[in-house]
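A.B. asks: Please find one structure pasted underneath; my questions will follow.
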Amino acid sequence: MVDNPYLAHRHPSERSAGSSKPMAAEKEPLFGFVPRLVKGDQVRSALEHELNPFTKQPHSAQYKKILEQRKKLPVYGQMDDFFKIFSENQIIVMVGETGSGKTTQIPQFVAYSDLPHTKGKMVACTQPRRVAAMSVAKRVADEMDVQLGRQVGYSIRFEDMTEPGTTFLKYMTDGMLLREAMNDNQLSRYSTIILDEAHERTLATDILMGLLKKIAQERPDLKIIIMSATLDALKFQKYFALNRGKGKDKDTAPLFKVPGRTHPVEVFYTQEPEPDYVEAAIRTVLMIHRAEDPGDILLFLTGEEEIEDACRKIKIEADDLVNSDPDSVGPLICIPLYSSLPPQQQQRIFDPPPAGRPGGPPGRKVVVSTNIAETSLTIDGIVYVVDPGFSKQKVYNPRIRVESLLVSPISKASAQQRAGRAGRTRPGKCFRLYTEKDFMGELEEQTYPEILRCNLANTVLELVKLGIKDLVRFDYVDAPAPETLMRALELLNYLAALDDEGNLTPLGGIMAEFPLDPQLAKMLIVSPELKVSNEVLTITAMLSVPNVWLRPNNQRQQADAAKAMFTVPDGDHLTLLNVFNQYMQNKYDKNWAWNHYLSARALQQAENVREQLKRNMERYELDLLSMADEKKMYLNIRQALVCGFFMQVAHKEGEKGSYLTIKDNQVVALHPSCGLDTQPEWVLFNEFVLTTRPYIRTVTEIRPDWLFEYAANYYDLNTFQDGETKRALVRVANKRAGKATGRVDEPSSKRATKKQRT
DNA sequence: GAGCACTGC
């Protein structure tokens with residue numbers, strides 16, 4: 001089947017009016033374009049054409065101005081090569097360093113070659129972050145001289161800025177494309193899919209790569225471009241090699257490489273390892289301030305507390321320097337940067353450096369940041385980077401099912417990325433607070449991909465929903481530990497999302513549709529049966545956003561007092577419900593959240609999430625129910641919690657307030673933020689956190705009866721180790737058995753059997 | 001008697 005290149009791209013209005021005139025064909029900007037056989041010359045002349053090929057409108061003056069800028073991008077100069085390699089291959093790996101223009105230009109090139117609008121298809125380009133998807137889409141819409149949301153759009157959670165039937169170039173988050181794949185396993189709406197920033201190896205991008213490799217074999221019409229940083233290219237080339245095996249193992253997917261456009265960065269190492277990296281970092285910043293030419297400094301540290309602390313110390317020392325030697329040392333401002341900072345304060349990083357005295361030494365700006373400045377935020381004007389070589393990284397221990405954050409050495413790739421932050425506007429310097437030998441010999445090449453570092457319960461459910469039958473043998477770029485997969489399968493089986501053969505149950509199918517952890521999805525879906533779905537919906541939303549409690553360093557007591565006002569003694573989950581309800585009742589008061597030491601941003605997010613989940617519930621005809629009797633309502637909410645979180649229960653052991661988690665037998669304590677007024681014998685927790693010691697956080701009292709009632713499978717006592725916890729459970733079970741023989745028609749057992757069918 | 005690295009649906 002050959003597309004007719006003339007008819008295919010013609011605007012309907014021209015078909016009758018212009019077809020008889022031979023000149024009409026020449027006026028057509030895409031005349032002679034054969035989909036996927038388009039050449040650079042053709043595109044260049046189309047770009048110079050007075051008409052926009054996609055809107056048939058004359059190009060604006062702005063378009064021509066932007067086009068001149070685009071011509072200077074490295075990737076523009078390699079247009080001919082790109083069209084050749086794109087025409088000849090189904091899968092391409094592309095490497096483009098910072099400043100190459102790949103994110104804005106490649107998808108446009110693809111659109112010109114693919115002509116998706118003539119086939120009712122789209123070109124997708126994924127990004128790991130929402131802001132990137134939005135801002136790049138805006139830029140590309142301007143470059144193509146179209147209105148954002150029409151031919152060029154974006155799709156992110158909470159916002160679909162596309163027009164079905166019109167949009168043919170769509171920027172989107174990787175998670176969003178994965179969601180789409182769950183309902184369209186072949187991703188049939190797309191003619192080409194571009195995965196950008198693949199080297200970041202987000203969970204969603206990793207799953208998409210596995211999926212696309214499979215789809216590519218079933219859909220020869222689908223083209224795929226993997227865009228990444230240099231260091232990872234070969235890995236992706238090998239992974240996407242076609243025709244592997246039979247002496248062809250060495251085949252690799254073709255590579256398209258474009259140089260970047262950055263300034264050189266000189267790298268310095270320490271002679272000896274630094275025993276205290278924070279102290280060394282502060283010393284280095286001050287050394288730069290005293291001795292180096294003007295230019296701002298970016299210092300990478302690991303977390304909020306460390307950053308605030310370092311800022312205070314740098315400020316004090318810098319002021320000392322200025323006071324003792326005002327003729328040679330200029331003023332210095334120190335700006336902290338981390339994600340939980342309110343956006344307004346984050347904006348401070350773009351403030352200009354302080355002005356020095358007239359005729360005196362110039363001022364300097366120091367930004368002290370977490371990894372957020374490594375990828376998510378770029379600050380212009382940075383000339384010096386100080387890199388102690390550490391960041392907080394998530395680690396997952398499948399044995400005890402605990403995720404925690406650990407300060408760990410960064411990878412070489414990450415160190416390079418950090419250094420690159422110094423060369424965005426002019427040549428810069430990077431001071432690494434470790435030896436060159438350690439850099440060469442001790443640092444990993446790449447940061448471990450997320451898929452190897454986290455709990456996969458959610459991912460496994462997604463994969464099953466995506467139609468992946470054999471999870472262990474799925475072709476991962478990097479395969480997760482089998483134990484991590486087993487843990488996830490086990491959890492999903494106990495939640496009745498997967499049957500004993502690992503097949504998706506109807507309940508599991510609905511659970512996968514909710515953008516939630518499986519435990520939360522389960523409790524939400526079950527909640528209408530307990531007539532508390534309105535409340536559980538709120539709690540679910542509150543549990544899926546960052547911490548709402550603020551506790552400023554110098555106002556801890558006031559913050560704790562404010563929190564006490566919201567506390568419901570039966571459990572922290574109910575406290576969250578209470579906070580949200582009061583927030584909604586006081587929405588007219590803009591200062592309400594702040595006055596009560598609550599994060600307005602997190603509460604607003606909870607409101608958005610709640611709305612989204614509510615729409616999902618309506619789609620599946622899950623009723624939104626509440627109860628009039630508050631006591632009964634609280635009781636039922638706690639039972640709904642058990643339906644999702646029966647595997648996260650702890651039993652009090654002895655009188656010292658120590659708890660043992662069920663089955664895993666981990667010794668834990670109630671987190672100090674816990675609002676329970678007593679230490680109940682049985683508690684359910686949302687989170688196990690490993691900080692100064694193991695804590696359980698967001699805790700609610702439960703009755704042990706409920707465990708047998710709602711999770712009989714899991715609470716099969718034969719599967720328990722002997723010990724105090726088991727003895728306590730046996731007592732409960734015996735008591736229940738006694739009751740059951742006394743009263744055959746026990747209503748709770750009825751409900752339990754009904755639950756199994758859900 | 002603590003703390004949330006960073007994303008995403």
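Identifiers in this document derive from the order of the structure tokens: chains are assigned A, B, ..., residues are numbered from 1 separately in each chain, and ligands are numbered from 1 in order of occurrence.
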Would you write out, as JSON lines, a table of all residues in chain B that have an atom no more than 6 Å from an atom of chain A, listing for each the closest atom pair and the distance in Å to one decimal, considering only C-alpha atoms (C1' of nucleotides) and ordering rows by chain and rising residue number?

C.D. replies:
```
{"residue": "B:DG1", "atom": "C1'", "partner": "A:Pro672", "partner_atom": "CA", "distance": 5.5}
{"residue": "B:DA2", "atom": "C1'", "partner": "A:Pro672", "partner_atom": "CA", "distance": 5.9}
{"residue": "B:DA5", "atom": "C1'", "partner": "A:Lys392", "partner_atom": "CA", "distance": 4.6}
{"residue": "B:DG8", "atom": "C1'", "partner": "A:Gly175", "partner_atom": "CA", "distance": 5.5}
{"residue": "B:DC9", "atom": "C1'", "partner": "A:Pro515", "partner_atom": "CA", "distance": 4.7}
```

A.B. asks: Tell me, which residues of range 128-188 of chain A carry DSSP alpha helix (DSSP H), written as an mmCIF file with all heavy atoms, in the first residue's frame?

C.D. replies:
```
data_model
loop_
_atom_site.group_PDB
_atom_site.id
_atom_site.type_symbol
_atom_site.label_atom_id
_atom_site.label_comp_id
_atom_site.auth_asym_id
_atom_site.auth_seq_id
_atom_site.Cartn_x
_atom_site.Cartn_y
_atom_site.Cartn_z
ATOM 1 N N ARG A 130 6.502 16.771 34.355
ATOM 2 C CA ARG A 130 5.380 17.527 33.807
ATOM 3 C C ARG A 130 5.786 18.874 33.247
ATOM 4 O O ARG A 130 5.398 19.227 32.137
ATOM 5 C CB ARG A 130 4.356 17.797 34.907
ATOM 6 C CG ARG A 130 3.504 16.637 35.230
ATOM 7 C CD ARG A 130 2.406 17.144 36.124
ATOM 8 N NE ARG A 130 2.270 16.297 37.273
ATOM 9 C CZ ARG A 130 1.602 16.611 38.365
ATOM 10 N NH1 ARG A 130 1.044 17.799 38.467
ATOM 11 N NH2 ARG A 130 1.507 15.782 39.357
ATOM 12 N N VAL A 131 6.551 19.625 34.051
ATOM 13 C CA VAL A 131 6.912 20.970 33.579
ATOM 14 C C VAL A 131 7.616 20.917 32.249
ATOM 15 O O VAL A 131 7.378 21.762 31.376
ATOM 16 C CB VAL A 131 7.794 21.759 34.575
ATOM 17 C CG1 VAL A 131 6.957 22.607 35.484
ATOM 18 C CG2 VAL A 131 8.745 20.857 35.304
ATOM 19 N N ALA A 132 8.474 19.905 32.068
ATOM 20 C CA ALA A 132 9.192 19.788 30.805
ATOM 21 C C ALA A 132 8.210 19.548 29.669
ATOM 22 O O ALA A 132 8.271 20.197 28.623
ATOM 23 C CB ALA A 132 10.214 18.661 30.880
ATOM 24 N N ALA A 133 7.266 18.632 29.866
ATOM 25 C CA ALA A 133 6.287 18.338 28.820
ATOM 26 C C ALA A 133 5.527 19.598 28.425
ATOM 27 O O ALA A 133 5.319 19.886 27.243
ATOM 28 C CB ALA A 133 5.329 17.247 29.291
ATOM 29 N N MET A 134 5.134 20.376 29.440
ATOM 30 C CA MET A 134 4.361 21.589 29.169
ATOM 31 C C MET A 134 5.197 22.643 28.448
ATOM 32 O O MET A 134 4.776 23.207 27.443
ATOM 33 C CB MET A 134 3.856 22.203 30.480
ATOM 34 C CG MET A 134 2.695 21.481 31.083
ATOM 35 S SD MET A 134 2.434 22.012 32.782
ATOM 36 C CE MET A 134 1.939 23.689 32.532
ATOM 37 N N SER A 135 6.393 22.909 28.987
ATOM 38 C CA SER A 135 7.153 24.034 28.443
ATOM 39 C C SER A 135 7.697 23.706 27.059
ATOM 40 O O SER A 135 7.729 24.577 26.182
ATOM 41 C CB SER A 135 8.260 24.457 29.404
ATOM 42 O OG SER A 135 9.114 23.378 29.665
ATOM 43 N N VAL A 136 8.098 22.467 26.835
ATOM 44 C CA VAL A 136 8.599 22.110 25.505
ATOM 45 C C VAL A 136 7.466 22.168 24.474
ATOM 46 O O VAL A 136 7.654 22.655 23.363
ATOM 47 C CB VAL A 136 9.265 20.720 25.516
ATOM 48 C CG1 VAL A 136 9.681 20.328 24.118
ATOM 49 C CG2 VAL A 136 10.476 20.713 26.440
ATOM 50 N N ALA A 137 6.296 21.702 24.858
ATOM 51 C CA ALA A 137 5.159 21.754 23.938
ATOM 52 C C ALA A 137 4.851 23.196 23.541
ATOM 53 O O ALA A 137 4.590 23.503 22.370
ATOM 54 C CB ALA A 137 3.934 21.098 24.571
ATOM 55 N N LYS A 138 4.921 24.071 24.521
ATOM 56 C CA LYS A 138 4.658 25.489 24.245
ATOM 57 C C LYS A 138 5.675 26.037 23.239
ATOM 58 O O LYS A 138 5.333 26.715 22.268
ATOM 59 C CB LYS A 138 4.721 26.282 25.568
ATOM 60 C CG LYS A 138 4.637 27.791 25.417
ATOM 61 C CD LYS A 138 3.193 28.227 25.105
ATOM 62 C CE LYS A 138 3.072 29.714 24.844
ATOM 63 N NZ LYS A 138 2.853 30.048 23.424
ATOM 64 N N ARG A 139 6.926 25.716 23.495
ATOM 65 C CA ARG A 139 7.997 26.188 22.616
ATOM 66 C C ARG A 139 7.807 25.651 21.191
ATOM 67 O O ARG A 139 7.914 26.388 20.214
ATOM 68 C CB ARG A 139 9.351 25.742 23.198
ATOM 69 C CG ARG A 139 10.537 25.932 22.291
ATOM 70 C CD ARG A 139 10.860 27.402 22.111
ATOM 71 N NE ARG A 139 11.831 27.600 21.023
ATOM 72 C CZ ARG A 139 12.319 28.781 20.667
ATOM 73 N NH1 ARG A 139 11.929 29.861 21.297
ATOM 74 N NH2 ARG A 139 13.184 28.886 19.690
ATOM 75 N N VAL A 140 7.490 24.366 21.089
ATOM 76 C CA VAL A 140 7.371 23.759 19.763
ATOM 77 C C VAL A 140 6.136 24.297 19.023
ATOM 78 O O VAL A 140 6.171 24.495 17.806
ATOM 79 C CB VAL A 140 7.356 22.221 19.877
ATOM 80 C CG1 VAL A 140 6.998 21.557 18.560
ATOM 81 C CG2 VAL A 140 8.720 21.737 20.356
ATOM 82 N N ALA A 141 5.069 24.557 19.769
ATOM 83 C CA ALA A 141 3.892 25.155 19.130
ATOM 84 C C ALA A 141 4.269 26.507 18.525
ATOM 85 O O ALA A 141 3.877 26.825 17.395
ATOM 86 C CB ALA A 141 2.763 25.316 20.146
ATOM 87 N N ASP A 142 5.060 27.280 19.247
ATOM 88 C CA ASP A 142 5.528 28.565 18.720
ATOM 89 C C ASP A 142 6.390 28.362 17.480
ATOM 90 O O ASP A 142 6.230 29.041 16.475
ATOM 91 C CB ASP A 142 6.341 29.330 19.776
ATOM 92 C CG ASP A 142 5.446 29.890 20.879
ATOM 93 O OD1 ASP A 142 4.214 29.904 20.680
ATOM 94 O OD2 ASP A 142 5.987 30.304 21.923
ATOM 95 N N GLU A 143 7.291 27.404 17.565
ATOM 96 C CA GLU A 143 8.193 27.157 16.431
ATOM 97 C C GLU A 143 7.418 26.741 15.192
ATOM 98 O O GLU A 143 7.780 27.083 14.079
ATOM 99 C CB GLU A 143 9.217 26.060 16.789
ATOM 100 C CG GLU A 143 10.251 26.525 17.805
ATOM 101 C CD GLU A 143 11.393 25.540 17.972
ATOM 102 O OE1 GLU A 143 11.395 24.499 17.275
ATOM 103 O OE2 GLU A 143 12.294 25.819 18.792
ATOM 104 N N ASP A 174 6.041 10.348 30.776
ATOM 105 C CA ASP A 174 6.181 8.919 30.489
ATOM 106 C C ASP A 174 5.082 8.114 31.183
ATOM 107 O O ASP A 174 4.550 7.150 30.624
ATOM 108 C CB ASP A 174 7.592 8.416 30.841
ATOM 109 C CG ASP A 174 8.062 8.807 32.239
ATOM 110 O OD1 ASP A 174 7.245 9.345 33.017
ATOM 111 O OD2 ASP A 174 9.244 8.570 32.557
ATOM 112 N N GLY A 175 4.710 8.560 32.401
ATOM 113 C CA GLY A 175 3.657 7.867 33.128
ATOM 114 C C GLY A 175 2.320 7.919 32.406
ATOM 115 O O GLY A 175 1.530 6.985 32.454
ATOM 116 N N MET A 176 2.096 9.017 31.726
ATOM 117 C CA MET A 176 0.842 9.187 30.999
ATOM 118 C C MET A 176 0.767 8.215 29.819
ATOM 119 O O MET A 176 -0.284 7.621 29.569
ATOM 120 C CB MET A 176 0.773 10.632 30.505
ATOM 121 C CG MET A 176 -0.596 11.166 30.309
ATOM 122 S SD MET A 176 -1.481 11.347 31.845
ATOM 123 C CE MET A 176 -3.127 11.418 31.189
ATOM 124 N N LEU A 177 1.875 8.049 29.118
ATOM 125 C CA LEU A 177 1.878 7.113 27.987
ATOM 126 C C LEU A 177 1.683 5.681 28.487
ATOM 127 O O LEU A 177 0.982 4.879 27.867
ATOM 128 C CB LEU A 177 3.188 7.228 27.191
ATOM 129 C CG LEU A 177 3.239 6.399 25.907
ATOM 130 C CD1 LEU A 177 2.158 6.817 24.913
ATOM 131 C CD2 LEU A 177 4.610 6.481 25.247
ATOM 132 N N LEU A 178 2.284 5.390 29.638
ATOM 133 C CA LEU A 178 2.118 4.059 30.219
ATOM 134 C C LEU A 178 0.641 3.807 30.558
ATOM 135 O O LEU A 178 0.109 2.737 30.308
ATOM 136 C CB LEU A 178 2.987 3.961 31.482
ATOM 137 C CG LEU A 178 3.212 2.570 32.054
ATOM 138 C CD1 LEU A 178 3.796 1.625 31.023
ATOM 139 C CD2 LEU A 178 4.114 2.654 33.272
ATOM 140 N N ARG A 179 -0.006 4.822 31.123
ATOM 141 C CA ARG A 179 -1.445 4.725 31.411
ATOM 142 C C ARG A 179 -2.229 4.416 30.134
ATOM 143 O O ARG A 179 -3.099 3.562 30.121
ATOM 144 C CB ARG A 179 -1.980 6.049 31.959
ATOM 145 C CG ARG A 179 -1.634 6.345 33.362
ATOM 146 C CD ARG A 179 -2.725 5.874 34.308
ATOM 147 N NE ARG A 179 -2.081 5.169 35.415
ATOM 148 C CZ ARG A 179 -2.716 4.377 36.257
ATOM 149 N NH1 ARG A 179 -3.998 4.170 36.118
ATOM 150 N NH2 ARG A 179 -2.069 3.771 37.216
ATOM 151 N N GLU A 180 -1.897 5.134 29.066
ATOM 152 C CA GLU A 180 -2.608 4.906 27.801
ATOM 153 C C GLU A 180 -2.395 3.483 27.320
ATOM 154 O O GLU A 180 -3.303 2.850 26.785
ATOM 155 C CB GLU A 180 -2.118 5.897 26.739
ATOM 156 C CG GLU A 180 -2.687 7.288 26.918
ATOM 157 C CD GLU A 180 -2.366 8.187 25.727
ATOM 158 O OE1 GLU A 180 -1.916 7.676 24.682
ATOM 159 O OE2 GLU A 180 -2.551 9.408 25.863
ATOM 160 N N ALA A 181 -1.186 2.980 27.518
ATOM 161 C CA ALA A 181 -0.879 1.626 27.053
ATOM 162 C C ALA A 181 -1.743 0.586 27.761
ATOM 163 O O ALA A 181 -2.038 -0.464 27.202
ATOM 164 C CB ALA A 181 0.597 1.315 27.274
ATOM 165 N N MET A 182 -2.168 0.891 28.985
ATOM 166 C CA MET A 182 -2.965 -0.077 29.720
ATOM 167 C C MET A 182 -4.328 -0.300 29.075
ATOM 168 O O MET A 182 -4.936 -1.350 29.256
ATOM 169 C CB MET A 182 -3.129 0.363 31.180
ATOM 170 C CG MET A 182 -1.819 0.197 31.924
ATOM 171 S SD MET A 182 -1.773 0.628 33.661
ATOM 172 C CE MET A 182 -3.427 0.941 34.065
ATOM 173 N N ASN A 183 -4.803 0.692 28.344
ATOM 174 C CA ASN A 183 -6.082 0.516 27.660
ATOM 175 C C ASN A 183 -5.936 0.317 26.163
ATOM 176 O O ASN A 183 -6.914 0.083 25.468
ATOM 177 C CB ASN A 183 -6.996 1.705 27.962
ATOM 178 C CG ASN A 183 -7.458 1.688 29.407
ATOM 179 O OD1 ASN A 183 -7.957 0.678 29.885
ATOM 180 N ND2 ASN A 183 -7.241 2.783 30.109
#
```

A.B. asks: Could you name the residues that touch range 589-596 of chain A at 10 Å or less, counting only C-alpha atoms (C1' of nucleotides), but leaving out those on the same chain fewer than 3 positions away, as a list of chain:residue names?

C.D. replies: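 The filter keeps A:Val548, A:Trp549, A:Leu550, A:Gln558, A:Ala559, A:Asp560, A:Ala561, A:Ala562, A:Lys563, A:Met565, A:Phe566, A:Val579, A:Gln582, A:Tyr583, A:Gln585, A:Asn586, A:Ser599, A:Ala600, A:Arg601, A:Leu603.
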
A.B. asks: Could you pull out the residues in range 93-316 of chain A that DSSP calls strand (DSSP E or B) from the backbone, as a PyMOL selection string?

C.D. replies: chain A and resi 93-96+122-127+148+152-156+159-161+169-173+190-195+223-228+255-258+265-269+296-300

A.B. asks: Go ahead and write the selection's residues with N, CA and C atoms as a compact mmCIF listing (two decimals), in the first residue's frame.

C.D. replies:
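Final output, saved to selection22.txt:
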```
# COMPACT_ATOMS: atom_id res chain seq x y z
N VAL A 93 18.47 4.85 18.20
CA VAL A 93 18.92 5.43 19.46
C VAL A 93 19.58 6.74 19.10
N MET A 94 19.21 7.78 19.82
CA MET A 94 19.78 9.07 19.51
C MET A 94 20.48 9.65 20.74
N VAL A 95 21.64 10.21 20.50
CA VAL A 95 22.38 10.85 21.57
C VAL A 95 22.50 12.33 21.24
N GLY A 96 22.11 13.15 22.14
CA GLY A 96 22.24 14.58 21.93
C GLY A 96 22.56 15.25 23.24
N MET A 122 -0.59 10.00 15.63
CA MET A 122 0.14 11.03 16.35
C MET A 122 1.60 10.62 16.54
N VAL A 123 2.42 11.64 16.75
CA VAL A 123 3.79 11.42 17.20
C VAL A 123 3.80 11.79 18.68
N ALA A 124 4.34 10.89 19.52
CA ALA A 124 4.42 11.18 20.95
C ALA A 124 5.86 11.37 21.34
N CYS A 125 6.10 12.31 22.24
CA CYS A 125 7.43 12.48 22.81
C CYS A 125 7.29 12.54 24.32
N THR A 126 7.88 11.56 25.01
CA THR A 126 7.69 11.51 26.47
C THR A 126 8.79 12.26 27.21
N GLN A 127 8.43 12.75 28.38
CA GLN A 127 9.34 13.45 29.28
C GLN A 127 9.14 12.89 30.68
N LEU A 148 -0.99 26.33 20.82
CA LEU A 148 -0.76 25.21 21.73
C LEU A 148 -2.10 24.54 22.06
N VAL A 152 -0.13 20.94 17.97
CA VAL A 152 0.87 20.53 18.96
C VAL A 152 0.25 20.69 20.35
N GLY A 153 0.34 19.65 21.17
CA GLY A 153 -0.24 19.73 22.51
C GLY A 153 0.57 18.95 23.52
N TYR A 154 0.04 18.88 24.72
CA TYR A 154 0.69 18.07 25.73
C TYR A 154 -0.36 17.39 26.58
N SER A 155 0.06 16.32 27.23
CA SER A 155 -0.86 15.59 28.08
C SER A 155 -0.12 15.19 29.35
N ILE A 156 -0.60 15.71 30.48
CA ILE A 156 -0.02 15.38 31.78
C ILE A 156 -1.17 15.09 32.73
N GLU A 159 -4.22 17.46 33.32
CA GLU A 159 -4.37 18.42 32.23
C GLU A 159 -4.11 17.79 30.87
N ASP A 160 -5.15 17.72 30.07
CA ASP A 160 -4.99 17.21 28.71
C ASP A 160 -5.12 18.38 27.74
N MET A 161 -4.00 18.85 27.26
CA MET A 161 -4.00 20.00 26.37
C MET A 161 -3.82 19.50 24.93
N LEU A 169 1.21 16.14 17.19
CA LEU A 169 2.48 16.07 17.90
C LEU A 169 2.19 16.32 19.38
N LYS A 170 2.43 15.29 20.19
CA LYS A 170 2.01 15.36 21.58
C LYS A 170 3.19 15.10 22.51
N TYR A 171 3.49 16.08 23.34
CA TYR A 171 4.45 15.87 24.42
C TYR A 171 3.67 15.38 25.63
N MET A 172 4.25 14.45 26.35
CA MET A 172 3.53 13.90 27.49
C MET A 172 4.50 13.32 28.50
N THR A 173 4.03 13.12 29.73
CA THR A 173 4.88 12.47 30.72
C THR A 173 4.93 10.98 30.39
N TYR A 190 -0.42 5.92 17.81
CA TYR A 190 0.86 6.58 17.51
C TYR A 190 1.56 5.94 16.33
N SER A 191 2.13 6.80 15.47
CA SER A 191 2.94 6.29 14.36
C SER A 191 4.40 6.26 14.77
N THR A 192 4.81 7.21 15.59
CA THR A 192 6.18 7.21 16.12
C THR A 192 6.13 7.58 17.59
N ILE A 193 6.94 6.88 18.38
CA ILE A 193 7.04 7.21 19.80
C ILE A 193 8.49 7.52 20.13
N ILE A 194 8.68 8.68 20.73
CA ILE A 194 10.02 9.12 21.11
C ILE A 194 10.11 9.11 22.63
N LEU A 195 11.06 8.37 23.17
CA LEU A 195 11.27 8.41 24.62
C LEU A 195 12.47 9.32 24.88
N LYS A 223 7.39 3.39 14.55
CA LYS A 223 8.80 3.75 14.69
C LYS A 223 9.06 4.23 16.10
N ILE A 224 10.29 3.98 16.56
CA ILE A 224 10.65 4.29 17.94
C ILE A 224 12.00 4.99 17.97
N ILE A 225 12.07 6.06 18.73
CA ILE A 225 13.35 6.75 18.92
C ILE A 225 13.63 6.84 20.41
N ILE A 226 14.78 6.36 20.82
CA ILE A 226 15.19 6.45 22.22
C ILE A 226 16.23 7.56 22.30
N MET A 227 15.95 8.62 23.03
CA MET A 227 16.92 9.71 23.14
C MET A 227 17.57 9.66 24.52
N SER A 228 18.89 9.73 24.53
CA SER A 228 19.59 9.57 25.81
C SER A 228 20.89 10.34 25.84
N LEU A 255 22.74 4.29 15.72
CA LEU A 255 22.92 5.44 16.60
C LEU A 255 22.96 6.72 15.78
N PHE A 256 22.21 7.70 16.22
CA PHE A 256 22.26 9.03 15.60
C PHE A 256 22.79 9.98 16.66
N LYS A 257 23.91 10.60 16.33
CA LYS A 257 24.60 11.37 17.36
C LYS A 257 24.71 12.83 16.97
N VAL A 258 24.39 13.69 17.91
CA VAL A 258 24.50 15.13 17.65
C VAL A 258 25.29 15.77 18.79
N VAL A 265 34.11 22.82 31.00
CA VAL A 265 34.13 22.92 32.47
C VAL A 265 35.40 22.23 32.96
N GLU A 266 36.20 22.98 33.70
CA GLU A 266 37.44 22.43 34.24
C GLU A 266 37.11 21.72 35.55
N VAL A 267 37.59 20.49 35.69
CA VAL A 267 37.25 19.71 36.89
C VAL A 267 38.46 19.60 37.82
N PHE A 268 38.24 19.85 39.10
CA PHE A 268 39.29 19.71 40.11
C PHE A 268 38.88 18.64 41.12
N TYR A 269 39.87 17.89 41.59
CA TYR A 269 39.61 16.88 42.62
C TYR A 269 40.39 17.24 43.88
N ASP A 296 28.35 32.77 39.81
CA ASP A 296 27.60 32.15 40.89
C ASP A 296 28.02 30.70 41.13
N ILE A 297 27.70 30.25 42.35
CA ILE A 297 28.13 28.92 42.79
C ILE A 297 26.91 28.04 43.03
N LEU A 298 27.03 26.78 42.63
CA LEU A 298 25.99 25.79 42.94
C LEU A 298 26.63 24.69 43.76
N LEU A 299 26.10 24.48 44.97
CA LEU A 299 26.62 23.42 45.86
C LEU A 299 25.55 22.34 46.01
N PHE A 300 25.95 21.09 45.78
CA PHE A 300 25.00 19.98 45.93
C PHE A 300 25.14 19.34 47.30
```

A.B. asks: Go through A:Glu490, A:Glu709, A:Glu724, A:Glu48 and flag the residue nearest Ala737 in chain A, using only C-alpha atoms for the distances.

C.D. replies: A:Glu709

A.B. asks: Work out how far CA of Lys631 in chain A is from CA of Val568 in chain A, in Å to one decimal.

C.D. replies: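 Computing it gives 11.7 Å between the two atoms.
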
A.B. asks: Work out how far CA of Glu655 in chain A is from CA of Lys632 in chain A, in Å to one decimal.

C.D. replies: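 For CA of Lys632 in chain A relative to CA of Glu655 in chain A, the distance reads 29.8 Å.
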
A.B. asks: At what distance in Å, to one decimal, does CA of Gln519 in chain A lie from CA of Leu676 in chain A?

C.D. replies: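 Pair CA of Leu676 in chain A / CA of Gln519 in chain A returns 22.3 Å.
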